[in-house]
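Structure data (PDB, C-alpha atoms, pLDDT in the B column) from data-v7.pdb:
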```pdb
MODEL        1
ATOM      1  CA  MET A   1      18.632  13.054 -50.964  1.00 81.00           C
ATOM      2  CA  THR A   2      18.217  16.774 -50.330  1.00 80.00           C
ATOM      3  CA  ARG A   3      14.965  18.107 -51.756  1.00 84.00           C
ATOM      4  CA  PHE A   4      14.153  21.716 -52.553  1.00 86.00           C
ATOM      5  CA  PRO A   5      11.039  23.049 -54.302  1.00 87.00           C
ATOM      6  CA  LEU A   6      12.935  23.454 -57.591  1.00 92.00           C
ATOM      7  CA  PHE A   7      15.363  20.495 -57.524  1.00 96.00           C
ATOM      8  CA  SER A   8      16.773  17.553 -55.590  1.00 96.00           C
ATOM      9  CA  ILE A   9      20.348  16.321 -55.198  1.00 97.00           C
ATOM     10  CA  VAL A  10      22.271  13.714 -53.239  1.00 96.00           C
ATOM     11  CA  LEU A  11      25.015  15.462 -51.283  1.00 95.00           C
ATOM     12  CA  PRO A  12      28.271  13.564 -50.783  1.00 94.00           C
ATOM     13  CA  GLU A  13      29.305  12.611 -47.262  1.00 93.00           C
ATOM     14  CA  GLY A  14      30.464  15.632 -45.283  1.00 95.00           C
ATOM     15  CA  TRP A  15      28.423  18.131 -47.314  1.00 96.00           C
ATOM     16  CA  LYS A  16      25.656  20.333 -45.910  1.00 96.00           C
ATOM     17  CA  TYR A  17      23.198  23.006 -46.928  1.00 96.00           C
ATOM     18  CA  ALA A  18      24.490  26.504 -46.089  1.00 96.00           C
ATOM     19  CA  SER A  19      21.991  29.117 -47.326  1.00 95.00           C
ATOM     20  CA  THR A  20      19.755  30.350 -50.127  1.00 94.00           C
ATOM     21  CA  ASP A  21      19.915  33.838 -51.612  1.00 93.00           C
ATOM     22  CA  SER A  22      19.153  35.537 -54.918  1.00 92.00           C
ATOM     23  CA  ALA A  23      21.984  33.594 -56.608  1.00 92.00           C
ATOM     24  CA  GLY A  24      20.604  30.198 -55.537  1.00 95.00           C
ATOM     25  CA  ALA A  25      21.124  27.482 -52.944  1.00 97.00           C
ATOM     26  CA  ARG A  26      24.592  27.183 -51.429  1.00 97.00           C
ATOM     27  CA  PHE A  27      26.199  24.043 -50.033  1.00 97.00           C
ATOM     28  CA  THR A  28      29.566  23.465 -48.370  1.00 97.00           C
ATOM     29  CA  GLY A  29      31.792  20.427 -48.353  1.00 95.00           C
ATOM     30  CA  PRO A  30      35.061  19.286 -46.828  1.00 93.00           C
ATOM     31  CA  ASP A  31      38.253  21.338 -47.223  1.00 90.00           C
ATOM     32  CA  GLY A  32      36.658  24.469 -48.665  1.00 91.00           C
ATOM     33  CA  GLN A  33      34.589  22.828 -51.401  1.00 95.00           C
ATOM     34  CA  LYS A  34      31.434  24.698 -52.414  1.00 96.00           C
ATOM     35  CA  LEU A  35      28.390  24.166 -54.599  1.00 97.00           C
ATOM     36  CA  LEU A  36      25.957  26.817 -55.798  1.00 98.00           C
ATOM     37  CA  ILE A  37      22.779  25.684 -57.549  1.00 98.00           C
ATOM     38  CA  GLY A  38      21.083  28.497 -59.412  1.00 97.00           C
ATOM     39  CA  TRP A  39      17.886  28.479 -61.458  1.00 96.00           C
ATOM     40  CA  THR A  40      15.884  30.693 -63.762  1.00 95.00           C
ATOM     41  CA  THR A  41      12.485  30.683 -65.454  1.00 94.00           C
ATOM     42  CA  THR A  42      13.940  32.636 -68.402  1.00 94.00           C
ATOM     43  CA  PRO A  43      16.976  30.662 -69.611  1.00 95.00           C
ATOM     44  CA  LYS A  44      18.913  31.892 -72.628  1.00 93.00           C
ATOM     45  CA  ASP A  45      18.813  29.716 -75.763  1.00 91.00           C
ATOM     46  CA  ASP A  46      22.609  29.445 -76.034  1.00 93.00           C
ATOM     47  CA  PRO A  47      24.425  28.564 -72.778  1.00 94.00           C
ATOM     48  CA  VAL A  48      27.882  29.135 -74.346  1.00 95.00           C
ATOM     49  CA  ALA A  49      26.961  32.674 -75.437  1.00 94.00           C
ATOM     50  CA  ASP A  50      25.329  33.286 -72.043  1.00 93.00           C
ATOM     51  CA  TRP A  51      28.516  32.294 -70.164  1.00 93.00           C
ATOM     52  CA  GLU A  52      30.658  34.407 -72.509  1.00 92.00           C
ATOM     53  CA  SER A  53      28.381  37.395 -71.892  1.00 91.00           C
ATOM     54  CA  GLN A  54      28.501  36.900 -68.106  1.00 90.00           C
ATOM     55  CA  GLU A  55      32.288  36.502 -68.206  1.00 90.00           C
ATOM     56  CA  GLN A  56      32.630  40.144 -69.273  1.00 84.00           C
ATOM     57  CA  SER A  57      31.511  41.235 -65.794  1.00 83.00           C
ATOM     58  CA  MET A  58      33.823  38.835 -63.912  1.00 80.00           C
ATOM     59  CA  THR A  59      35.600  40.892 -61.266  1.00 73.00           C
ATOM     60  CA  ARG A  60      37.093  38.199 -59.028  1.00 68.00           C
ATOM     61  CA  SER A  61      40.714  38.669 -58.048  1.00 68.00           C
ATOM     62  CA  GLN A  62      43.112  36.960 -60.438  1.00 82.00           C
ATOM     63  CA  TYR A  63      40.269  35.518 -62.573  1.00 90.00           C
ATOM     64  CA  LYS A  64      41.505  33.309 -65.412  1.00 92.00           C
ATOM     65  CA  ARG A  65      39.333  31.420 -67.879  1.00 94.00           C
ATOM     66  CA  VAL A  66      40.143  27.745 -68.380  1.00 95.00           C
ATOM     67  CA  ARG A  67      37.367  27.055 -70.894  1.00 96.00           C
ATOM     68  CA  ILE A  68      33.813  27.810 -71.967  1.00 97.00           C
ATOM     69  CA  GLU A  69      32.360  25.102 -74.187  1.00 97.00           C
ATOM     70  CA  ALA A  70      29.250  23.148 -75.042  1.00 98.00           C
ATOM     71  CA  VAL A  71      29.100  19.745 -73.312  1.00 97.00           C
ATOM     72  CA  ASP A  72      26.852  16.704 -73.441  1.00 97.00           C
ATOM     73  CA  TYR A  73      24.682  16.494 -70.324  1.00 98.00           C
ATOM     74  CA  ARG A  74      21.534  14.354 -70.382  1.00 97.00           C
ATOM     75  CA  GLY A  75      20.481  15.680 -73.772  1.00 96.00           C
ATOM     76  CA  TRP A  76      19.958  19.217 -72.426  1.00 97.00           C
ATOM     77  CA  ASN A  77      21.438  22.306 -74.079  1.00 97.00           C
ATOM     78  CA  THR A  78      24.484  22.659 -71.802  1.00 98.00           C
ATOM     79  CA  ALA A  79      27.744  24.579 -71.458  1.00 98.00           C
ATOM     80  CA  ASP A  80      30.580  24.387 -68.936  1.00 97.00           C
ATOM     81  CA  TRP A  81      32.465  27.495 -67.816  1.00 96.00           C
ATOM     82  CA  GLU A  82      35.646  26.584 -65.989  1.00 95.00           C
ATOM     83  CA  PHE A  83      37.929  29.170 -64.376  1.00 95.00           C
ATOM     84  CA  THR A  84      40.385  29.884 -61.567  1.00 94.00           C
ATOM     85  CA  TYR A  85      40.525  32.780 -59.115  1.00 93.00           C
ATOM     86  CA  GLU A  86      42.153  33.783 -55.846  1.00 91.00           C
ATOM     87  CA  ASP A  87      40.383  34.564 -52.602  1.00 89.00           C
ATOM     88  CA  GLY A  88      42.173  35.366 -49.367  1.00 89.00           C
ATOM     89  CA  GLY A  89      45.480  34.153 -50.778  1.00 91.00           C
ATOM     90  CA  THR A  90      44.077  30.760 -51.809  1.00 93.00           C
ATOM     91  CA  LYS A  91      43.688  29.782 -55.458  1.00 94.00           C
ATOM     92  CA  TYR A  92      40.365  28.123 -56.339  1.00 95.00           C
ATOM     93  CA  ARG A  93      39.043  26.444 -59.444  1.00 95.00           C
ATOM     94  CA  SER A  94      35.380  26.386 -60.423  1.00 95.00           C
ATOM     95  CA  ILE A  95      33.266  24.655 -63.006  1.00 96.00           C
ATOM     96  CA  ASP A  96      29.872  26.202 -63.698  1.00 96.00           C
ATOM     97  CA  ARG A  97      27.540  23.961 -65.721  1.00 97.00           C
ATOM     98  CA  GLY A  98      24.575  25.838 -67.178  1.00 97.00           C
ATOM     99  CA  PHE A  99      21.771  23.914 -68.843  1.00 97.00           C
ATOM    100  CA  VAL A 100      18.320  24.475 -70.270  1.00 97.00           C
ATOM    101  CA  VAL A 101      15.740  21.876 -69.189  1.00 96.00           C
ATOM    102  CA  SER A 102      12.801  23.617 -70.888  1.00 95.00           C
ATOM    103  CA  PRO A 103      11.970  27.083 -72.279  1.00 95.00           C
ATOM    104  CA  GLN A 104      10.921  28.096 -68.749  1.00 95.00           C
ATOM    105  CA  GLN A 105      13.486  26.135 -66.732  1.00 95.00           C
ATOM    106  CA  GLY A 106      17.261  26.588 -66.610  1.00 96.00           C
ATOM    107  CA  TYR A 107      19.834  25.638 -63.985  1.00 97.00           C
ATOM    108  CA  ALA A 108      23.486  26.074 -63.173  1.00 97.00           C
ATOM    109  CA  LEU A 109      25.629  23.885 -60.927  1.00 98.00           C
ATOM    110  CA  MET A 110      28.788  25.732 -59.869  1.00 97.00           C
ATOM    111  CA  TYR A 111      31.287  23.530 -58.070  1.00 97.00           C
ATOM    112  CA  THR A 112      34.400  25.075 -56.499  1.00 96.00           C
ATOM    113  CA  ALA A 113      37.430  23.476 -54.850  1.00 95.00           C
ATOM    114  CA  LYS A 114      40.951  24.547 -53.993  1.00 94.00           C
ATOM    115  CA  ALA A 115      43.006  24.561 -57.197  1.00 94.00           C
ATOM    116  CA  ALA A 116      45.680  22.439 -55.505  1.00 92.00           C
ATOM    117  CA  ASP A 117      43.073  19.684 -54.991  1.00 88.00           C
ATOM    118  CA  TRP A 118      41.395  20.027 -58.396  1.00 90.00           C
ATOM    119  CA  ASP A 119      42.919  17.022 -60.125  1.00 85.00           C
ATOM    120  CA  GLY A 120      42.423  14.650 -57.201  1.00 78.00           C
ATOM    121  CA  ASP A 121      39.944  11.808 -56.888  1.00 75.00           C
ATOM    122  CA  LEU A 122      37.906  13.808 -54.382  1.00 72.00           C
ATOM    123  CA  ARG A 123      37.092  16.517 -56.946  1.00 75.00           C
ATOM    124  CA  GLU A 124      36.492  14.053 -59.764  1.00 82.00           C
ATOM    125  CA  ASP A 125      34.235  11.810 -57.689  1.00 90.00           C
ATOM    126  CA  THR A 126      32.399  14.747 -56.114  1.00 93.00           C
ATOM    127  CA  TRP A 127      31.636  16.544 -59.409  1.00 94.00           C
ATOM    128  CA  LYS A 128      30.479  13.285 -60.995  1.00 94.00           C
ATOM    129  CA  SER A 129      28.220  12.523 -58.023  1.00 95.00           C
ATOM    130  CA  LEU A 130      26.703  16.017 -57.990  1.00 96.00           C
ATOM    131  CA  THR A 131      25.963  16.056 -61.721  1.00 97.00           C
ATOM    132  CA  GLU A 132      24.617  12.491 -61.747  1.00 96.00           C
ATOM    133  CA  THR A 133      22.256  12.916 -58.771  1.00 97.00           C
ATOM    134  CA  PHE A 134      20.898  16.401 -59.585  1.00 97.00           C
ATOM    135  CA  GLN A 135      17.211  16.278 -60.564  1.00 96.00           C
ATOM    136  CA  PRO A 136      15.300  19.334 -61.789  1.00 96.00           C
ATOM    137  CA  LYS A 137      11.767  20.050 -60.655  1.00 89.00           C
ATOM    138  CA  SER A 138       9.470  17.744 -62.589  1.00 81.00           C
TER     139      SER A 138
ENDMDL
END
```
Conversion result in structure tokens:
Amino acid sequence: MTRFPLFSIVLPEGWKYASTDSAGARFTGPDGQKLLIGWTTTPKDDPVADWESQEQSMTRSQYKRVRIEAVDYRGWNTADWEFTYEDGGTKYRSIDRGFVVSPQQGYALMYTAKAADWDGDLREDTWKSLTETFQPKS
């Protein structure tokens, strides 16, 4: 288990901590996989509306929305934003799960993998593991 002051998570085999910046804590995995864990003390009440608002400033090359929708995640107010983009000639797919734990505690888990690998067991198992083992600060 990897513990940070604001959360803990079990990283799958082959994953490692990369850095922390104003966007959050960054982790890297095999074959170009990435995870960004962000947090805020002022979460918006409606994660779907928040993602739709943030989407308006999306400037990534070849950005394309797959979906933005409310999802069931541990009883928290949660929305998934899924999209594709290109970087350096490679197409990637991301899922960004934003959720409100309390009025002063919100998180986002953004998982990215190569689009060509998206439907494989690796992506499915990895995303499930990350979302199941994530624990917010108690």
Just say which residues the PyMOL selection byres ((chain A and resi 100) around 9) picks in this file, as a compact mmCIF listing (two decimals) with C-alpha atoms, in the coordinates of the input.
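Listing of result_27.txt after writing:
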```
# COMPACT_ATOMS: atom_id res chain seq x y z
CA PRO A 43 16.98 30.66 -69.61
CA LYS A 44 18.91 31.89 -72.63
CA ASP A 45 18.81 29.72 -75.76
CA ASP A 46 22.61 29.44 -76.03
CA PRO A 47 24.42 28.56 -72.78
CA TRP A 76 19.96 19.22 -72.43
CA ASN A 77 21.44 22.31 -74.08
CA THR A 78 24.48 22.66 -71.80
CA GLY A 98 24.58 25.84 -67.18
CA PHE A 99 21.77 23.91 -68.84
CA VAL A 101 15.74 21.88 -69.19
CA SER A 102 12.80 23.62 -70.89
CA PRO A 103 11.97 27.08 -72.28
CA GLN A 104 10.92 28.10 -68.75
CA GLN A 105 13.49 26.14 -66.73
CA GLY A 106 17.26 26.59 -66.61
CA TYR A 107 19.83 25.64 -63.98
CA ALA A 108 23.49 26.07 -63.17
```
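Using all atoms listed in the file, the nearest neighbour of Tyr111 (chain A) within the list A:Thr2, A:Ser8, A:Thr40, A:Gln33 is A:Gln33.
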Expand the PyMOL selection byres ((chain A and resi 116-118) around 12) into the individual residues it matches in the shown file, reporting them as an mmCIF file with C-alpha atoms, in the frame of the given file.
```cif
data_model
loop_
_atom_site.group_PDB
_atom_site.id
_atom_site.type_symbol
_atom_site.label_atom_id
_atom_site.label_comp_id
_atom_site.auth_asym_id
_atom_site.auth_seq_id
_atom_site.Cartn_x
_atom_site.Cartn_y
_atom_site.Cartn_z
ATOM 1 C CA PRO A 30 35.061 19.286 -46.828
ATOM 2 C CA ASP A 31 38.253 21.338 -47.223
ATOM 3 C CA GLY A 32 36.658 24.469 -48.665
ATOM 4 C CA GLN A 33 34.589 22.828 -51.401
ATOM 5 C CA GLU A 82 35.646 26.584 -65.989
ATOM 6 C CA PHE A 83 37.929 29.170 -64.376
ATOM 7 C CA THR A 84 40.385 29.884 -61.567
ATOM 8 C CA GLU A 86 42.153 33.783 -55.846
ATOM 9 C CA THR A 90 44.077 30.760 -51.809
ATOM 10 C CA LYS A 91 43.688 29.782 -55.458
ATOM 11 C CA TYR A 92 40.365 28.123 -56.339
ATOM 12 C CA ARG A 93 39.043 26.444 -59.444
ATOM 13 C CA SER A 94 35.380 26.386 -60.423
ATOM 14 C CA ILE A 95 33.266 24.655 -63.006
ATOM 15 C CA TYR A 111 31.287 23.530 -58.070
ATOM 16 C CA THR A 112 34.400 25.075 -56.499
ATOM 17 C CA ALA A 113 37.430 23.476 -54.850
ATOM 18 C CA LYS A 114 40.951 24.547 -53.993
ATOM 19 C CA ALA A 115 43.006 24.561 -57.197
ATOM 20 C CA ASP A 119 42.919 17.022 -60.125
ATOM 21 C CA GLY A 120 42.423 14.650 -57.201
ATOM 22 C CA ASP A 121 39.944 11.808 -56.888
ATOM 23 C CA LEU A 122 37.906 13.808 -54.382
ATOM 24 C CA ARG A 123 37.092 16.517 -56.946
ATOM 25 C CA GLU A 124 36.492 14.053 -59.764
ATOM 26 C CA ASP A 125 34.235 11.810 -57.689
ATOM 27 C CA THR A 126 32.399 14.747 -56.114
ATOM 28 C CA TRP A 127 31.636 16.544 -59.409
#
```
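Our summary of the geometry notes that CA of Lys34 (chain A) is positioned 21.8 Å from CA of Lys137 (chain A).
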Atomic separation - CA of Phe7 (chain A) relative to CA of Pro136 (chain A), Å: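 Going from CA of Pro136 (chain A) over to CA of Phe7 (chain A), I get 4.4 Å.
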Shell of 7 Å around Ala70 (chain A), all atoms listed in the file, local chain residues under 5 positions omitted, as a PyMOL selection string: chain A and resi 48+78-80
Which residues, written as a PDB file with C-alpha atoms, keeping the file's coordinate frame, have at least one atom at most 10 Å from Met1 (chain A), with all atoms listed in the file counted and residues fewer than 2 positions away on the same chain left out?
```pdb
ATOM      1  CA  ARG A   3      14.965  18.107 -51.756  1.00 84.00           C
ATOM      2  CA  PHE A   4      14.153  21.716 -52.553  1.00 86.00           C
ATOM      3  CA  SER A   8      16.773  17.553 -55.590  1.00 96.00           C
ATOM      4  CA  ILE A   9      20.348  16.321 -55.198  1.00 97.00           C
ATOM      5  CA  VAL A  10      22.271  13.714 -53.239  1.00 96.00           C
ATOM      6  CA  LEU A  11      25.015  15.462 -51.283  1.00 95.00           C
ATOM      7  CA  PRO A  12      28.271  13.564 -50.783  1.00 94.00           C
ATOM      8  CA  THR A 133      22.256  12.916 -58.771  1.00 97.00           C
ATOM      9  CA  PHE A 134      20.898  16.401 -59.585  1.00 97.00           C
TER      10      PHE A 134
END
```
Counting only C-alpha atoms, the residue of A:Trp81, A:Lys128, A:Ile37, A:Gly75 that sits nearest Ser53 (chain A): A:Trp81
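Here the question is which of A:Ala49, A:Gln62, A:Ile68, A:Met110 gets nearest to Gly88 (chain A) using only C-alpha atoms, and that residue is A:Gln62.
For the choices A:Glu13, A:Leu36, A:Glu69, A:Asp87, the atom-to-atom distance to Asp50 (chain A) is smallest for A:Glu69 when using only C-alpha atoms.
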